[in-house]
Structure formats: C-alpha cells, structure tokens
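These notes are about the structure you will find just below.
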Amino acid sequence: MIFDGIFYTEKSKEYDEKLKNCIEESLKKLEETVDTPLMMLGRIQSGKTRAFIGVISLAFDNGYDLSIVLTKNSKALVKQTTARMNREFKSFIDNDHLGVYDVMVMPNELSKYEINRKIILVVKKQHENLPALLNFLKRYSFEGNKKCLIIDDEADFTSVGFQKNKDDEEFDLRKIASQINELRVRLSYKFIQVTATPYSLYLQPESVIVRGERIEPIKPFDTVLVPFGEGYVGGGYYFDDHVNPHRDLLFSEIEFDELEILKSSDRRRLKEEEALYSKKIIGLRKSIFNFIIGACIRIIQNGGEAKGSKNKFSFLVHTETKKSSHSRQFDLIEEMVNQIEIEARRKSDLIEEYINQSIQEMITSVSAHGFSVPGIQEIKNTFYIAIEDGWIKSVLVNSENQIDTLLDDNGQLKLRVPMTIFVGGQILDRGVTIENMIGFYYGRRPQKMQQDTVLQHSRMYGYRDKRDLAVTKFYTTVDLYERMARINEFDSRLRVDIENGKNQSGVVFLAIDDEDKVIPCSPQKILLTKTKVIRSHERILPVGFKNKPITYSRKYIWYIDRFISDKCNGNLRGEFTISKQDALKLINNVYECLDIENPYTVDKQRFIAIIDYLSKEKVHIVARDKRNIKKHRKSRYYSDMPDNRDGDLKPARNMAKEEPAIIMLRQEGLKENDWSGAPFWWPVMVIQENAETSVFSLGQE
C-alpha cells in the first residue's frame with residue numbers, strides 16, 4: 001500500500017498519529033474483503049467526517065478513481081458536505097487532480113479530461129438523487145471499469161430497513177436501501193459505513209435474501225474505532241460520576257406533567273401570558289434564566305463585550321416531534337422573554353428573585369469547576385444589558401426549508417445574537433452542530449427508547465470549552481435521565497468490547513435493557529433478523545442438526561472423550577473447570593461432528609463467540625454420558641432439552657457465578673432415534689449469574 005502519494009501526503013499533515021493509524025488501518029482492512037462493509041465507528045459530533053476524508057485521500061493514492069459520499073436526506077447537509085469536500089481538497093481541485101460534485105448539480109457534459117481525474121460525488125440518500133447517480137455512472141461508463149470507494153455517512157439512517165408488502169406479505173427492502181443495493185451491484189467497489197450508532201447494522205444477518213435474491217452484505221465484517229480529540233465531551237460527562245465528579249450540578253430535574261403541558265396548546269391548562277409566574281412550567285422558566293445568567297457569566301469571563309463567536313451561546317428545547325408542539329413552546333418562550341423585558345425595565349421583585357436563584361446555582365457550579373466567579377452585581381448588570389440590548393433570540397426549527405436557511409457552511413446552526421434559544425424536534429439531530437451549547441431541555445419520552453435515535457438527539461455532545469461546561473445544564477425527567485444513562489452505559493460497553501477484541505469472530509453482542517425500556521434501534525431496521533438474547537443463567541445450545549457418521553467423527557469424539565476422561569479420573573462423568581482456550585478447542589471438536597440443519601440455531605461461530613465474550617479466563621464443565629435422546633419430539637420439532645433440570649442444569653447453574661458453564665452430554669446417537677448411529681457430544685451453555693443482558697444476530701428470520 002502506498003502511503004506517500006500526493007493526496008495522503010498532503011492531507012496527513014493535518015492528522016495526529018491516532019487518526020493516521022485509524023485511516024491506514026481502515027484501507028488495509030478494506031483491501032482484505034470483497035463486498036462486505038467496513039464499519040468506521042465514531043462518537044456523536046467527534047470528527048468522523050475528517051476521518052473518512054483521510055481514507056478517501058489514501059484510497060486515491062492506491063488506485064481508486066471515484067469516491068461516492070452518501071449523506072443524510074437534507075439539502076443543507078448535502079450543501080455542507082460538498083462545500084467541505086471542496087475546501088478540504090482545494091489544492092487538488094485547483095491543480096486538476098480532482099473534481100467534486102453534488103450529483104444533482106452536475107455540469108451538462110463532462111469531458112474525457114474531466115472524467116479522467118479523480119472524482120468525489122456527494123449524493124443525498126433520497127429517491128431522486130440515487131437514480132441520478134446511477135444514470136451518471138452508466139453515462140460515463142463507470143460501472144465495473146473504475147475502482148470505487150463508497151462512504152455511507154450515517155449508515156444506519158435510511159440505508160437499512162425492511163417492510164412487508166401488503167399484496168403478498170413478502171418482505172422488501174425499503175426504497176433507499178434498495179437503491180443503495182443497486183448501486184453496489186453495478187460497481188467495483190469497497191464500502192465503508194460511518195456512524196456513531198451502529199446497532200441496527202451489527203444486528204443484520206451475514207447474508208440477506210429478499211424475494212429469492214441475495215442482497216449485498218449489510219452487516220460490517222470488521223470495525224475501526226475513530227479516535228476523538230482533546231476537549232471532546234460525550235455521554236460519560238453527563239451520566240458517569242467517574243468521568244464528571246460534578247454530574248449532580250449538571251442535571252436539573254423537570255416534572256413529567258410539565259412536558260405534558262408543553263405538548264399541547266390547550267389554554268385551559270396554561271395561558272401564554274402566565275409564562276413568567278405559573279408553577280406549571282417551573283423547569284422551563286428556570287432553564288431560560290439559567291441559560292441567560294450562564295451566558296452572562298461566560299461573556300464576563302471573556303472580557304465583557306458580547307462580540308465574536310466565542311461570546312455567542314445556544315440553548316436547545318427538544319421534547320416533541322409534532323410541529324404544533326414546537327409552535328406552542330416557541331410562543332411560550334417568546335412570551336416569557338417579552339415578560340422578562342417588561343419586568344426587567346422596572347427591576348421588579350419577581351425578576352430579582354429569579355435572577356438571584358440562577359446566579360446562586362451558576363456560582364456554585366462555576367466554583368466547583370475551579371473557575372473564577374464574577375461579582376454578583378456585575379452578573380446582574382450584564383443580565384439587564386442583555387435584556388435591554390436584545391441579546392436574546394428564540395428560533396423555531398422544524399422544517400427542511402428552515403434548516404436550509406439556518407445552517408452555515410460548516411453545518412452549524414447560525415448564532416446571530418449572543419444568546420439563541422432553538423426550539424425543534426427530529427430535524428435537529430444527525431449532522432446538525434449547535435455551537436457553544438450550554439443548555440438542553442429534553443423531553444422525548446416514547447414507551448421504548450431507541451438507543452440510536454436518542455444518541456443522535458444528544459446535540460450536547462461534541463467539543464466543548466471547559467468554562468462552558470461549568471455553566472452547562474441538562475434538563476429532563478428522572479426517568480428519561482436514568483434511561484439515557486443506561487444508553488450511555490450500553491454504548492460504552494460496546495466500544496470497550498471492540499477495543500478489547502471481543503467481536504473478532506464477526507458476532508457482535510449489544511447490551512440491552514432488562515426492563516425493555518430501551519431497545520437498540522427501530523424494529524423495522526432488523527425485521528429480517530432472528531436475534532438471540534443472553535440473560536443470567538439462560539441456556540444456549542444448538543438445536544436442529546444431524547450427527548456425522550463415525551467414519552468422519554471418530555477422531556473428534558476420541559479427542560473429547562480423552563479430554564474429559566483425563567479430568568474425571570477415567571470417567572466421562574464429572575464436574576471441573578478449564579481455561580477459556582481449552583473450552584474453545586473442546587467446542588470446535590464438538591461442532592466438527594454436527595451438521596447444522598436449522599439456520600436459526602447457535603452455530604459453531606456463535607457458540608465460540610459467546611464463550612469468548614462471556615468468559616474472562618475460565619469455563620466450568622458438567623460432563624454426563626450414556627444419554628439417548630431422540631432427534632425429534634413427538635411433534636417432529638427438533639429436541640431442545642437434552643439436559644435435565646436436577647442432575648445437569650442445577651450443578652451447572654451452581655458453578656456459573658462469575659464464569660459460564662457448559663453441560664457436555666455424550667449422546668449414543670442411535671439410528672432408531674433418527675441419528676446416524678455414531679456417538680456425539682451435545683453442548684448446553686449456561687450463562688453465568690452476573691452476566692449483563694445482551695442480544696446478537698442469529699441470521700435471517
């Protein structure tokens with residue numbers, strides 16, 4: 001692989017060693033596969049685009065001619081991505097080494113000279129953009145002729161999903177996913193999935209068949225973690241005391257009833273003109289005052305003049321999906337700010353009370369973080385100047401047209417005044433950056449939280465000034481906060497597993513919620529997947545197989561018999577503990593004797609992956625011989641209870657406290673019981689008591 005070509009030599013000057021290692025490892029891994037995706041897993045707002053730009057540069061130096069960047073379905077983000085590519089590769093564009101195009105804003109005709117350059121195409125994941133891309137590829141004979149790198153940015157968003165056809169009850173790929181699949185079929189390509197929320201992708205089957213046709217692989221074959229730089233703030237800061245010892249100063253509780261009031265415009269529950277003094281929206285009012293006071297403190301710390309980008313601060317209100325709710329909240333906040341202006345002109349007792357409460361709360365936090373605190377009177381004076389001089393603006397963001405006008409070239413919401421309050425919903429997620437955000441009022445409360453969706457809502461993650469963090473507040477209910485803390489825990493555990501190489505077998509285990517309040521992703525995204533849940537003391541075993549003839553299996557049976565006999569004083573019955581590596585060898589020999597007939601069972605790859613995932617060092621064994629179970633039950637379903645509760649399962653569960661246990665059952669395998677006539681060992685794994693609940697993919701449903 002070439003590492004000193006013109007593209008990467010120039011771009012790599014901007015990267016530290018961690019990022020260069022990530023970029024180089026990504027392309028090396030891509031070259032090892034044919035058509036299976038590679039996952040580049042980053043964190044929310046951590047610099048994933050910068051990483052895949054590096055991969056594009058390295059790919060161009062290593063024989064790739066075309067890079068297709070698939071973006072979220074947003075005009076603004078396509079414009080932003082195209083501008084970013086033009087900016088990043090400006091010198092190469094100027095020297096005719098490269099052309100960058102939005103596929104919907106192409107020149108009428110590209111000359112042979114232009115086609116022979118390297119090309120980056122930015123394509124929105126939308127039903128009109130993808131056909132335009134396919135037409136371009138066909139028109140200029142790219143199909144199969146040129147080496148292509150496809151970057152699917154936010155790869156879990158619209159790129160995967162299934163639906164049931166109403167006419168024949170068969171499953172179909174959703175439209176965008178189908179178009180992306182067609183793109184992959186036509187090209188000689190390598191495929192990179194880029195996201196911070198990979199759960200639906202990890203839960204795909206290895207292969208997907210839709211209407212009898214094989215779909216290009218969706219599940220990634222491997223993962224490269226994208227490093228984040230100094231100053232990055234993620235979920236740990238908001239939900240983990242070990243990361244942030246001042247977490248209790250960050251979270252501010254709001255009541256569920258308040259969110260219900262903010263949901264509707266029913267004036268019988270709350271009138272806008274009551275916004276400043278009603279007890280029904282104490283949390284929202286407190287959040288607005290804290291935001292203004294916090295911004296005032298930061299402006300004073302920065303010199304006192306509310307000029308320049310470092311003195312522009314933002315606050316986000318995101319509680320609902322409906323535009324009517326956004327309008328209600330916007331009207332309430334507008335009315336509240338108007339009433340603050342009226343009360344501030346006469347410095348009423350009410351306004352002084354609210355100011356004093358917020359000042360005390362902010363002073364406590366700033367002091368705890370170790371920063372100097374401005375004088376109380378100076379903070380008050382700045383507050384009144386902010387009100388008098390119109391430093392505060394609320395902005396409603398809930399449609400594509402609005403987001404187009406509100407984003408700058410970097411994809412950040414424009415901050416036109418020192419203090420901006422954004423009110424909106426789902427549109428304020430993927431790809432939208434909110435600079436200098438020091439307040440987040442969050443209230444999305446489905447019965448089951450989708451982990452990927454909630455993480456993408458978390459616009460408070462990203463690169464933050466430590467002094468901004470000292471005045472940052474997060475407002476939500478206790479229930480939502482606890483659920484978001486679980487989501488952060490699950491996400492962190494996945495990344496640790498990847499770092500520790502626990503998913504090298506290709507089977508990825510995702511932590512899930514025992515109470516079922518949090519699920520990894522939308523069920524529509526994994527509609528074709530049969531999943532298996534791992535819980536404390538649950539049994540995991542292959543069900544639905546035939547045993548191979550003795551002519552083939554003899555040497556494997558001999559190995560297992562000898563291994564167990566050595567541990568049980570010459571017997572094939574007993575209980576003992578072995579190393580993880582010995583357990584893996586044992587199971588490998590067990591599965592050599594089995595032919596899996598049931599595609600939905602735990603095959604060798606997954607059984608070994610579960611051992612590797614659950615065992616730290618040891619595996620307990622409960623060995624039993626002289627078993628004679630039938631292959632099928634009376635119903636003709638496969639037998640699935642080769643172990644008995646008292647003699648096998650009970651001792652296994654007693655042993656499986658910190659490490660898993662495997663019940664090894666030596667079956668006679670008689671022909672009259674529908675087996676081949678050869679003996680075999682049937683393994684039943686018992687999950688240890690302290691295991692965290694997890695889920696993984698068994699294959700296509």
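Simple scheme: letters A, B, ... for chains in structure tokens order, numbers from 1 for residues in each chain, numbers from 1 for ligands in the order shown.
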Worksheet item: Residues of stretch 254-435 of chain A in alpha helix (DSSP H) according to DSSP, as a PyMOL selection string?
Response: chain A and resi 256-263+282-301+323-345+349-368+376-388+400-406
Could the residues of stretch 218-317 of chain A that have an atom at most 8 Å from stretch 380-400 of chain A be listed as CSV, each with its closest atom pair and the distance in Å to one decimal, counting only C-alpha atoms and ordered by chain and ascending residue number?
residue,atom,partner,partner_atom,distance
A:Ile292,CA,A:Phe383,CA,7.1
A:Ile293,CA,A:Phe383,CA,6.6
A:Cys296,CA,A:Thr382,CA,6.0
A:Ile300,CA,A:Thr382,CA,8.0
Fill in: Between atom CA of A:Glu154 and atom CA of A:Ala132, distance in Å (one decimal)
20.5 Å
Worksheet entry | Residue with smallest distance to A:Asp612 - pool A:Leu121, A:Val194, A:Ala652, A:Val508, counting only C-alpha atoms | A:Val508
Set out as JSON lines a contact list for stretch 210-323 of chain A and stretch 159-180 of chain A with a cut-off of 12 Å, giving each residue of stretch 210-323 of chain A that qualifies its closest atom pair and distance in Å to one decimal, counting only C-alpha atoms, ordered by chain and rising residue number.
{"residue": "A:Val210", "atom": "CA", "partner": "A:Asp172", "partner_atom": "CA", "distance": 6.3}
{"residue": "A:Arg211", "atom": "CA", "partner": "A:Glu170", "partner_atom": "CA", "distance": 7.2}
{"residue": "A:Gly212", "atom": "CA", "partner": "A:Glu170", "partner_atom": "CA", "distance": 10.5}
{"residue": "A:Glu213", "atom": "CA", "partner": "A:Asp172", "partner_atom": "CA", "distance": 10.8}
{"residue": "A:Arg214", "atom": "CA", "partner": "A:Leu173", "partner_atom": "CA", "distance": 11.6}
{"residue": "A:Ile215", "atom": "CA", "partner": "A:Ser178", "partner_atom": "CA", "distance": 8.8}
{"residue": "A:Glu216", "atom": "CA", "partner": "A:Ile180", "partner_atom": "CA", "distance": 9.4}
{"residue": "A:Pro217", "atom": "CA", "partner": "A:Val160", "partner_atom": "CA", "distance": 10.8}
{"residue": "A:Ile218", "atom": "CA", "partner": "A:Val160", "partner_atom": "CA", "distance": 7.7}
{"residue": "A:Lys219", "atom": "CA", "partner": "A:Val160", "partner_atom": "CA", "distance": 9.9}
Just N, CA, C and O atoms for this one: save the residues we selected as a PDB file, in the first residue's frame.
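Resulting contents of result38.pdb:
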ATOM      1  N   VAL A 210     -33.905 -11.517  -0.182  1.00  0.00           N
ATOM      2  CA  VAL A 210     -35.208 -10.870  -0.320  1.00  0.00           C
ATOM      3  C   VAL A 210     -35.814 -11.312  -1.639  1.00  0.00           C
ATOM      4  O   VAL A 210     -35.211 -11.130  -2.700  1.00  0.00           O
ATOM      5  N   ARG A 211     -36.980 -11.958  -1.572  1.00  0.00           N
ATOM      6  CA  ARG A 211     -37.669 -12.470  -2.762  1.00  0.00           C
ATOM      7  C   ARG A 211     -36.754 -13.388  -3.588  1.00  0.00           C
ATOM      8  O   ARG A 211     -36.724 -13.338  -4.814  1.00  0.00           O
ATOM      9  N   GLY A 212     -35.982 -14.193  -2.871  1.00  0.00           N
ATOM     10  CA  GLY A 212     -35.134 -15.174  -3.532  1.00  0.00           C
ATOM     11  C   GLY A 212     -33.822 -14.639  -4.059  1.00  0.00           C
ATOM     12  O   GLY A 212     -33.004 -15.410  -4.568  1.00  0.00           O
ATOM     13  N   GLU A 213     -33.594 -13.331  -3.948  1.00  0.00           N
ATOM     14  CA  GLU A 213     -32.368 -12.737  -4.450  1.00  0.00           C
ATOM     15  C   GLU A 213     -31.467 -12.315  -3.296  1.00  0.00           C
ATOM     16  O   GLU A 213     -31.931 -11.766  -2.299  1.00  0.00           O
ATOM     17  N   ARG A 214     -30.166 -12.571  -3.471  1.00  0.00           N
ATOM     18  CA  ARG A 214     -29.197 -12.187  -2.439  1.00  0.00           C
ATOM     19  C   ARG A 214     -28.938 -10.690  -2.509  1.00  0.00           C
ATOM     20  O   ARG A 214     -28.645 -10.143  -3.573  1.00  0.00           O
ATOM     21  N   ILE A 215     -29.031 -10.026  -1.361  1.00  0.00           N
ATOM     22  CA  ILE A 215     -28.736  -8.602  -1.245  1.00  0.00           C
ATOM     23  C   ILE A 215     -27.268  -8.440  -0.863  1.00  0.00           C
ATOM     24  O   ILE A 215     -26.704  -9.268  -0.131  1.00  0.00           O
ATOM     25  N   GLU A 216     -26.636  -7.392  -1.364  1.00  0.00           N
ATOM     26  CA  GLU A 216     -25.257  -7.122  -0.974  1.00  0.00           C
ATOM     27  C   GLU A 216     -25.157  -7.044   0.550  1.00  0.00           C
ATOM     28  O   GLU A 216     -26.061  -6.500   1.206  1.00  0.00           O
ATOM     29  N   PRO A 217     -24.092  -7.589   1.145  1.00  0.00           N
ATOM     30  CA  PRO A 217     -23.995  -7.646   2.623  1.00  0.00           C
ATOM     31  C   PRO A 217     -24.173  -6.281   3.282  1.00  0.00           C
ATOM     32  O   PRO A 217     -23.637  -5.278   2.803  1.00  0.00           O
ATOM     33  N   ILE A 218     -24.935  -6.272   4.368  1.00  0.00           N
ATOM     34  CA  ILE A 218     -25.196  -5.042   5.127  1.00  0.00           C
ATOM     35  C   ILE A 218     -24.412  -5.039   6.436  1.00  0.00           C
ATOM     36  O   ILE A 218     -23.908  -4.002   6.870  1.00  0.00           O
ATOM     37  N   LYS A 219     -24.293  -6.201   7.055  1.00  0.00           N
ATOM     38  CA  LYS A 219     -23.571  -6.293   8.326  1.00  0.00           C
ATOM     39  C   LYS A 219     -22.083  -6.086   8.101  1.00  0.00           C
ATOM     40  O   LYS A 219     -21.488  -6.707   7.218  1.00  0.00           O
TER      41      LYS A 219
END
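All residues of protein, DNA or RNA that reach within 9 Å of A:Tyr238, judged by only C-alpha atoms and not counting those fewer than 4 positions away in the chain, are Val233, Gly234, Val243, Asn244, Arg247, Leu250, Phe251, Phe474 and Ala485 of chain A.
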Discussion item. Between atom CA of A:Leu187 and atom CA of A:Glu32, what is the distance in Å, rounded to a tenth?
Written reply: 17.6 Å
Item to complete: Considering only C-alpha atoms, return as a list in words whatever protein or nucleic-acid residues lie within 7 Å of A:His318, sequence-local ones (same chain, fewer than 5 positions apart) excluded.
Response: Val423, Gly424, Gly425, Tyr441, Tyr442 and Gly443 of chain A
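Residues within 7 Å of stretch 539-549 of chain A, counting only C-alpha atoms and excluding same-chain residues fewer than 2 positions away, are His537, Thr551, Tyr552, Ser553, Cys593, Leu594, Asp595, Ile596, Glu597, Asn598, Thr601, Val602, Asp603, Tyr638, Ser639, Asp640, Trp675, Ser676, Ala678, Phe680, Pro683, Val684, Met685, Val686 and Ile687 of chain A.
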Fill in: Surrounding residues of A:Val100 excluding itself and chain neighbours under 5 positions, 7 Å, only C-alpha atoms, as a PyMOL selection string
chain A and resi 85-86+119-121
Create the file for the chosen residues now, containing all heavy atoms and written as a PDB file, in the first residue's frame.
ATOM      1  N   MET A  85     -15.939  19.153   1.115  1.00  0.00           N
ATOM      2  CA  MET A  85     -15.040  18.442   0.201  1.00  0.00           C
ATOM      3  C   MET A  85     -14.257  19.425  -0.665  1.00  0.00           C
ATOM      4  O   MET A  85     -13.050  19.252  -0.896  1.00  0.00           O
ATOM      5  CB  MET A  85     -15.838  17.477  -0.685  1.00  0.00           C
ATOM      6  CG  MET A  85     -16.498  16.353   0.073  1.00  0.00           C
ATOM      7  SD  MET A  85     -15.322  15.287   0.931  1.00  0.00           S
ATOM      8  CE  MET A  85     -16.398  14.537   2.155  1.00  0.00           C
ATOM      9  N   ASN A  86     -14.930  20.443  -1.152  1.00  0.00           N
ATOM     10  CA  ASN A  86     -14.236  21.460  -1.955  1.00  0.00           C
ATOM     11  C   ASN A  86     -13.158  22.166  -1.145  1.00  0.00           C
ATOM     12  O   ASN A  86     -12.066  22.463  -1.654  1.00  0.00           O
ATOM     13  CB  ASN A  86     -15.248  22.477  -2.494  1.00  0.00           C
ATOM     14  CG  ASN A  86     -15.939  21.997  -3.752  1.00  0.00           C
ATOM     15  OD1 ASN A  86     -15.300  21.634  -4.724  1.00  0.00           O
ATOM     16  ND2 ASN A  86     -17.259  21.991  -3.736  1.00  0.00           N
ATOM     17  N   ILE A 119     -12.623  11.665  -8.860  1.00  0.00           N
ATOM     18  CA  ILE A 119     -13.927  12.318  -8.701  1.00  0.00           C
ATOM     19  C   ILE A 119     -14.523  11.964  -7.346  1.00  0.00           C
ATOM     20  O   ILE A 119     -14.477  10.807  -6.906  1.00  0.00           O
ATOM     21  CB  ILE A 119     -14.898  11.889  -9.821  1.00  0.00           C
ATOM     22  CG1 ILE A 119     -14.418  12.459 -11.170  1.00  0.00           C
ATOM     23  CG2 ILE A 119     -16.323  12.356  -9.531  1.00  0.00           C
ATOM     24  CD1 ILE A 119     -15.278  12.035 -12.352  1.00  0.00           C
ATOM     25  N   ILE A 120     -15.069  12.979  -6.676  1.00  0.00           N
ATOM     26  CA  ILE A 120     -15.891  12.780  -5.472  1.00  0.00           C
ATOM     27  C   ILE A 120     -17.305  13.215  -5.803  1.00  0.00           C
ATOM     28  O   ILE A 120     -17.527  14.356  -6.233  1.00  0.00           O
ATOM     29  CB  ILE A 120     -15.355  13.581  -4.273  1.00  0.00           C
ATOM     30  CG1 ILE A 120     -13.962  13.099  -3.867  1.00  0.00           C
ATOM     31  CG2 ILE A 120     -16.318  13.458  -3.086  1.00  0.00           C
ATOM     32  CD1 ILE A 120     -13.330  13.929  -2.755  1.00  0.00           C
ATOM     33  N   LEU A 121     -18.264  12.322  -5.618  1.00  0.00           N
ATOM     34  CA  LEU A 121     -19.675  12.639  -5.829  1.00  0.00           C
ATOM     35  C   LEU A 121     -20.391  12.636  -4.481  1.00  0.00           C
ATOM     36  O   LEU A 121     -20.317  11.651  -3.738  1.00  0.00           O
ATOM     37  CB  LEU A 121     -20.326  11.602  -6.751  1.00  0.00           C
ATOM     38  CG  LEU A 121     -19.862  11.575  -8.211  1.00  0.00           C
ATOM     39  CD1 LEU A 121     -20.543  10.435  -8.943  1.00  0.00           C
ATOM     40  CD2 LEU A 121     -20.156  12.899  -8.900  1.00  0.00           C
TER      41      LEU A 121
END
Item to complete: Point out the residue among A:Leu332, A:Leu137, A:Leu77, A:Ala155 with the least atom-to-atom distance to A:Leu38, counting only C-alpha atoms.
Response: A:Ala155
Discussion item. Give me, as a list in words, all polymer residues having an atom no more than 10 Å from A:Gly231, counting only C-alpha atoms and skipping those fewer than 5 positions away in the same chain.
Written reply: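 Counting only the stated atoms, we get Ser46, Gly462, Tyr463, Arg464, Asp465 and Lys466 of chain A.
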Would you put the residues from that selection into a file with N, CA and C atoms, as a PDB file, in the first residue's frame?
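Listing of out_29.pdb after writing:
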ATOM      1  N   SER A  46     -17.871  13.957  16.801  1.00  0.00           N
ATOM      2  CA  SER A  46     -16.484  13.810  17.248  1.00  0.00           C
ATOM      3  C   SER A  46     -15.451  13.972  16.139  1.00  0.00           C
ATOM      4  N   GLY A 462     -19.935  16.719  21.963  1.00  0.00           N
ATOM      5  CA  GLY A 462     -19.054  17.357  20.990  1.00  0.00           C
ATOM      6  C   GLY A 462     -17.882  18.024  21.690  1.00  0.00           C
ATOM      7  N   TYR A 463     -17.195  18.862  20.960  1.00  0.00           N
ATOM      8  CA  TYR A 463     -16.036  19.562  21.512  1.00  0.00           C
ATOM      9  C   TYR A 463     -16.507  20.815  22.240  1.00  0.00           C
ATOM     10  N   ARG A 464     -16.214  20.898  23.544  1.00  0.00           N
ATOM     11  CA  ARG A 464     -16.737  21.972  24.380  1.00  0.00           C
ATOM     12  C   ARG A 464     -15.621  22.609  25.207  1.00  0.00           C
ATOM     13  N   ASP A 465     -15.710  23.916  25.360  1.00  0.00           N
ATOM     14  CA  ASP A 465     -14.809  24.656  26.241  1.00  0.00           C
ATOM     15  C   ASP A 465     -15.138  24.280  27.691  1.00  0.00           C
ATOM     16  N   LYS A 466     -14.101  24.024  28.493  1.00  0.00           N
ATOM     17  CA  LYS A 466     -14.327  23.623  29.884  1.00  0.00           C
ATOM     18  C   LYS A 466     -15.077  24.697  30.667  1.00  0.00           C
TER      19      LYS A 466
END
Item to complete: Work out how far apart atom CA of A:Met1 and atom CA of A:Glu206 are and give it in Å to one decimal.
Response: 28.2 Å
Discussion item. Just checking: using only C-alpha atoms, which residue out of A:Glu320, A:Ile44, A:Leu133, A:Thr36 ends up closest to A:Tyr189?
Written reply: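 Smallest separation from A:Tyr189 among the options: A:Thr36.
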Worksheet item: Nearest to A:Pro131 among A:Asn116, A:Asn302, A:Asn569, A:Asn181, with distances taken over only C-alpha atoms: which residue is it?
Response: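 So, comparing all the options, the nearest one is A:Asn181.
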